Amino acid sequence: MYLEAVEIIGDWMKDSNNGVNAMLSQLELSPGDLRPPTVKTIMDESRDQEVIKRMEPQNVPAIYIFLDDPILVNAIDPTGVQQKIEELPITLRYITREIEPVKVRRHTMYTLRAMLMSLNRLNLPDNQSSRVKNSICLEVIVSVATLGDILEKVGDASTVTGAVISTWMATDRLPKG
């Protein structure tokens, strides 16, 4: 099961020292800009039905985390020790109810930057133990894309305003066969 990957990312985004809110507090802002509000809700498709059903979050700003397609998996290692996952894309969507367009755009871009900072910290060699769950190991980020101008309804009122798609190389370390 590859849903461990979204749980790893979700737990990391909530981390008080390395997560998105910790990175928001460290961002340098342009003169006159207000710091974006802290992210109140971080949920993933493995543990939260709101994410799977694309329901409106109770508390915003929020981040929804889920696997994206396709997941590219190599054949099983001949030793039977592990299976290499070439591309494991994980999407983090930023959701808010802010209606003032300039403010929401600036807050979204700062929050996406904080999400990237957090993912980059997770990617550091010293944090490998935080990238393993149930034998699934996120080895290294292969690529990252940010989408900063998404206008998509979630539930009745929330709008997805940005996303980060991080594609990871991973391994499934459970012995096969």
# chains A, B, ... in the order shown; residues from 1 in each chain; ligands from 1
call {"tool": "select_by_dssp", "arguments": {"residues": "segment 37-138 of chain A", "states": "alpha helix (DSSP H)", "output": "PDB file with C-alpha atoms, in the first residue's frame"}}
result
ATOM      1  CA  GLN A  49     -12.827  11.170   4.373  1.00  0.00           C
ATOM      2  CA  GLU A  50     -13.052  14.916   3.702  1.00  0.00           C
ATOM      3  CA  VAL A  51     -10.039  14.596   1.421  1.00  0.00           C
ATOM      4  CA  ILE A  52     -11.371  11.613  -0.535  1.00  0.00           C
ATOM      5  CA  PRO A 101      -8.057  38.295  -4.738  1.00  0.00           C
ATOM      6  CA  VAL A 102      -4.735  40.109  -4.192  1.00  0.00           C
ATOM      7  CA  LYS A 103      -4.527  39.023  -0.567  1.00  0.00           C
ATOM      8  CA  VAL A 104      -5.381  35.389  -1.333  1.00  0.00           C
ATOM      9  CA  ARG A 105      -2.839  35.306  -4.171  1.00  0.00           C
ATOM     10  CA  ARG A 106      -0.019  36.648  -1.970  1.00  0.00           C
ATOM     11  CA  HIS A 107      -0.922  34.376   0.960  1.00  0.00           C
ATOM     12  CA  THR A 108      -1.113  31.390  -1.368  1.00  0.00           C
ATOM     13  CA  MET A 109       2.312  32.029  -2.855  1.00  0.00           C
ATOM     14  CA  TYR A 110       3.898  32.458   0.585  1.00  0.00           C
ATOM     15  CA  THR A 111       2.202  29.289   1.854  1.00  0.00           C
ATOM     16  CA  LEU A 112       3.321  27.290  -1.187  1.00  0.00           C
ATOM     17  CA  ARG A 113       6.873  28.501  -0.527  1.00  0.00           C
ATOM     18  CA  ALA A 114       6.585  27.365   3.108  1.00  0.00           C
ATOM     19  CA  MET A 115       5.306  23.962   1.952  1.00  0.00           C
ATOM     20  CA  LEU A 116       8.322  23.637  -0.364  1.00  0.00           C
ATOM     21  CA  MET A 117      10.702  24.632   2.424  1.00  0.00           C
ATOM     22  CA  SER A 118       9.184  21.941   4.620  1.00  0.00           C
ATOM     23  CA  LEU A 119       9.438  19.279   1.898  1.00  0.00           C
ATOM     24  CA  ASN A 120      13.058  20.247   1.256  1.00  0.00           C
ATOM     25  CA  ARG A 121      13.811  19.698   4.945  1.00  0.00           C
ATOM     26  CA  LEU A 122      12.134  16.299   4.833  1.00  0.00           C
TER      27      LEU A 122
END
call {"tool": "residues_around", "arguments": {"residues": "segment 127-131 of chain A", "least_positions_apart": "4", "cutoff": "9 Å", "atoms": "only C-alpha atoms", "output": "PyMOL selection string"}}
result
chain A and resi 5+8-9+11-12+121-123+136-139
call {"tool": "atom_distance", "arguments": {"atom1": "atom CA of Ser143 of chain A", "atom2": "atom CA of Leu88 of chain A"}}
result
10.2 Å
call {"tool": "select_by_dssp", "arguments": {"residues": "segment 10-146 of chain A", "states": "strand (DSSP E)", "output": "MDAnalysis selection string"}}
result
chainID A and resid 41:44 62:67 72:76 83:96 132:133 136:146
call {"tool": "residues_around", "arguments": {"residues": "Gln58 of chain A", "least_positions_apart": "2", "cutoff": "10 Å", "atoms": "only C-alpha atoms", "output": "PyMOL selection string"}}
result
chain A and resi 40-41+50+55-56+60-62+158
call {"tool": "atom_distance", "arguments": {"atom1": "atom CA of Gly19 of chain A", "atom2": "atom CA of Lys84 of chain A"}}
result
26.9 Å
call {"tool": "closest_residue", "arguments": {"among": "A:Ala145, A:Ile165, A:Leu124, A:Val20", "to": "Ile65 of chain A", "atoms": "only C-alpha atoms"}}
result
A:Ile165
call {"tool": "residues_around", "arguments": {"residues": "Thr167 of chain A", "least_positions_apart": "4", "cutoff": "9 Å", "atoms": "only C-alpha atoms", "output": "JSON list (two decimals) with C-alpha atoms, in the first residue's frame"}}
result
[["chain", "number", "residue", "atom", "x", "y", "z"],
["A", 87, "GLU", "CA", 7.76, 7.98, -9.35],
["A", 88, "LEU", "CA", 5.38, 8.43, -6.45],
["A", 89, "PRO", "CA", 3.56, 11.75, -6.94],
["A", 90, "ILE", "CA", 2.01, 13.34, -3.87],
["A", 91, "THR", "CA", -0.19, 16.42, -4.15],
["A", 140, "VAL", "CA", 14.47, 11.35, -2.52],
["A", 141, "ILE", "CA", 12.41, 14.03, -4.25],
["A", 142, "VAL", "CA", 12.65, 13.59, -8.03],
["A", 143, "SER", "CA", 10.74, 16.73, -8.99],
["A", 144, "VAL", "CA", 8.45, 19.40, -7.58],
["A", 145, "ALA", "CA", 5.83, 21.52, -9.31]]
call {"tool": "residues_around", "arguments": {"residues": "Glu86 of chain A", "least_positions_apart": "5", "cutoff": "8 Å", "atoms": "only C-alpha atoms", "output": "list in words"}}
result
Ile71, Leu72, Val73, Asn74, Trp168, Met169 and Ala170 of chain A
call {"tool": "write_last_selection", "arguments": {"atoms": "C-alpha atoms", "output": "PDB file, in the first residue's frame"}}
result
ATOM      1  CA  ILE A  71       2.627   5.679  -9.702  1.00  0.00           C
ATOM      2  CA  LEU A  72       5.502   4.070 -11.636  1.00  0.00           C
ATOM      3  CA  VAL A  73       6.807   0.868 -10.054  1.00  0.00           C
ATOM      4  CA  ASN A  74       9.781  -1.194 -11.245  1.00  0.00           C
ATOM      5  CA  TRP A 168       9.389  10.985  -4.923  1.00  0.00           C
ATOM      6  CA  MET A 169      11.566   8.002  -5.648  1.00  0.00           C
ATOM      7  CA  ALA A 170      10.639   5.428  -3.040  1.00  0.00           C
TER       8      ALA A 170
END
call {"tool": "residues_around", "arguments": {"residues": "Lys53 of chain A", "least_positions_apart": "3", "cutoff": "12 Å", "atoms": "only C-alpha atoms", "output": "MDAnalysis selection string"}}
result
chainID A and resid 44:46 48:50 56:57 64 66 154:155
call {"tool": "write_last_selection", "arguments": {"atoms": "N, CA and C atoms", "output": "PDB file, in the first residue's frame"}}
result
ATOM      1  N   ASP A  44      -5.092  14.003   5.171  1.00  0.00           N
ATOM      2  CA  ASP A  44      -4.673  13.199   4.024  1.00  0.00           C
ATOM      3  C   ASP A  44      -5.731  12.159   3.685  1.00  0.00           C
ATOM      4  N   GLU A  45      -5.617  11.628   2.462  1.00  0.00           N
ATOM      5  CA  GLU A  45      -6.628  10.701   1.965  1.00  0.00           C
ATOM      6  C   GLU A  45      -6.625   9.363   2.676  1.00  0.00           C
ATOM      7  N   SER A  46      -5.577   9.048   3.398  1.00  0.00           N
ATOM      8  CA  SER A  46      -5.510   7.774   4.098  1.00  0.00           C
ATOM      9  C   SER A  46      -6.312   7.782   5.392  1.00  0.00           C
ATOM     10  N   ASP A  48      -8.606  10.676   6.321  1.00  0.00           N
ATOM     11  CA  ASP A  48      -9.680  11.673   6.409  1.00  0.00           C
ATOM     12  C   ASP A  48     -10.606  11.602   5.202  1.00  0.00           C
ATOM     13  N   GLN A  49     -11.876  11.290   5.468  1.00  0.00           N
ATOM     14  CA  GLN A  49     -12.827  11.170   4.373  1.00  0.00           C
ATOM     15  C   GLN A  49     -13.077  12.497   3.654  1.00  0.00           C
ATOM     16  N   GLU A  50     -12.859  13.616   4.347  1.00  0.00           N
ATOM     17  CA  GLU A  50     -13.052  14.916   3.702  1.00  0.00           C
ATOM     18  C   GLU A  50     -12.160  15.059   2.472  1.00  0.00           C
ATOM     19  N   GLU A  56     -15.648  20.244   2.025  1.00  0.00           N
ATOM     20  CA  GLU A  56     -15.117  21.494   2.563  1.00  0.00           C
ATOM     21  C   GLU A  56     -14.526  21.268   3.943  1.00  0.00           C
ATOM     22  N   PRO A  57     -13.298  21.744   4.181  1.00  0.00           N
ATOM     23  CA  PRO A  57     -12.718  21.589   5.519  1.00  0.00           C
ATOM     24  C   PRO A  57     -13.446  22.479   6.524  1.00  0.00           C
ATOM     25  N   TYR A  64      -4.872  19.610   1.952  1.00  0.00           N
ATOM     26  CA  TYR A  64      -5.291  18.235   1.690  1.00  0.00           C
ATOM     27  C   TYR A  64      -4.149  17.540   0.954  1.00  0.00           C
ATOM     28  N   PHE A  66      -2.827  13.965  -0.998  1.00  0.00           N
ATOM     29  CA  PHE A  66      -3.245  12.706  -1.605  1.00  0.00           C
ATOM     30  C   PHE A  66      -2.268  12.260  -2.678  1.00  0.00           C
ATOM     31  N   VAL A 154     -14.389  23.389  -3.322  1.00  0.00           N
ATOM     32  CA  VAL A 154     -14.388  22.212  -2.463  1.00  0.00           C
ATOM     33  C   VAL A 154     -15.524  22.433  -1.485  1.00  0.00           C
ATOM     34  N   GLY A 155     -16.518  21.582  -1.505  1.00  0.00           N
ATOM     35  CA  GLY A 155     -17.680  21.812  -0.661  1.00  0.00           C
ATOM     36  C   GLY A 155     -18.444  23.016  -1.177  1.00  0.00           C
TER      37      GLY A 155
END
call {"tool": "atom_distance", "arguments": {"atom1": "atom CA of Asn17 of chain A", "atom2": "atom CA of Leu67 of chain A"}}
result
24.5 Å
call {"tool": "closest_residue", "arguments": {"among": "A:Asp69, A:Glu28, A:Gly10, A:Met23", "to": "Arg47 of chain A", "atoms": "only C-alpha atoms"}}
result
A:Gly10
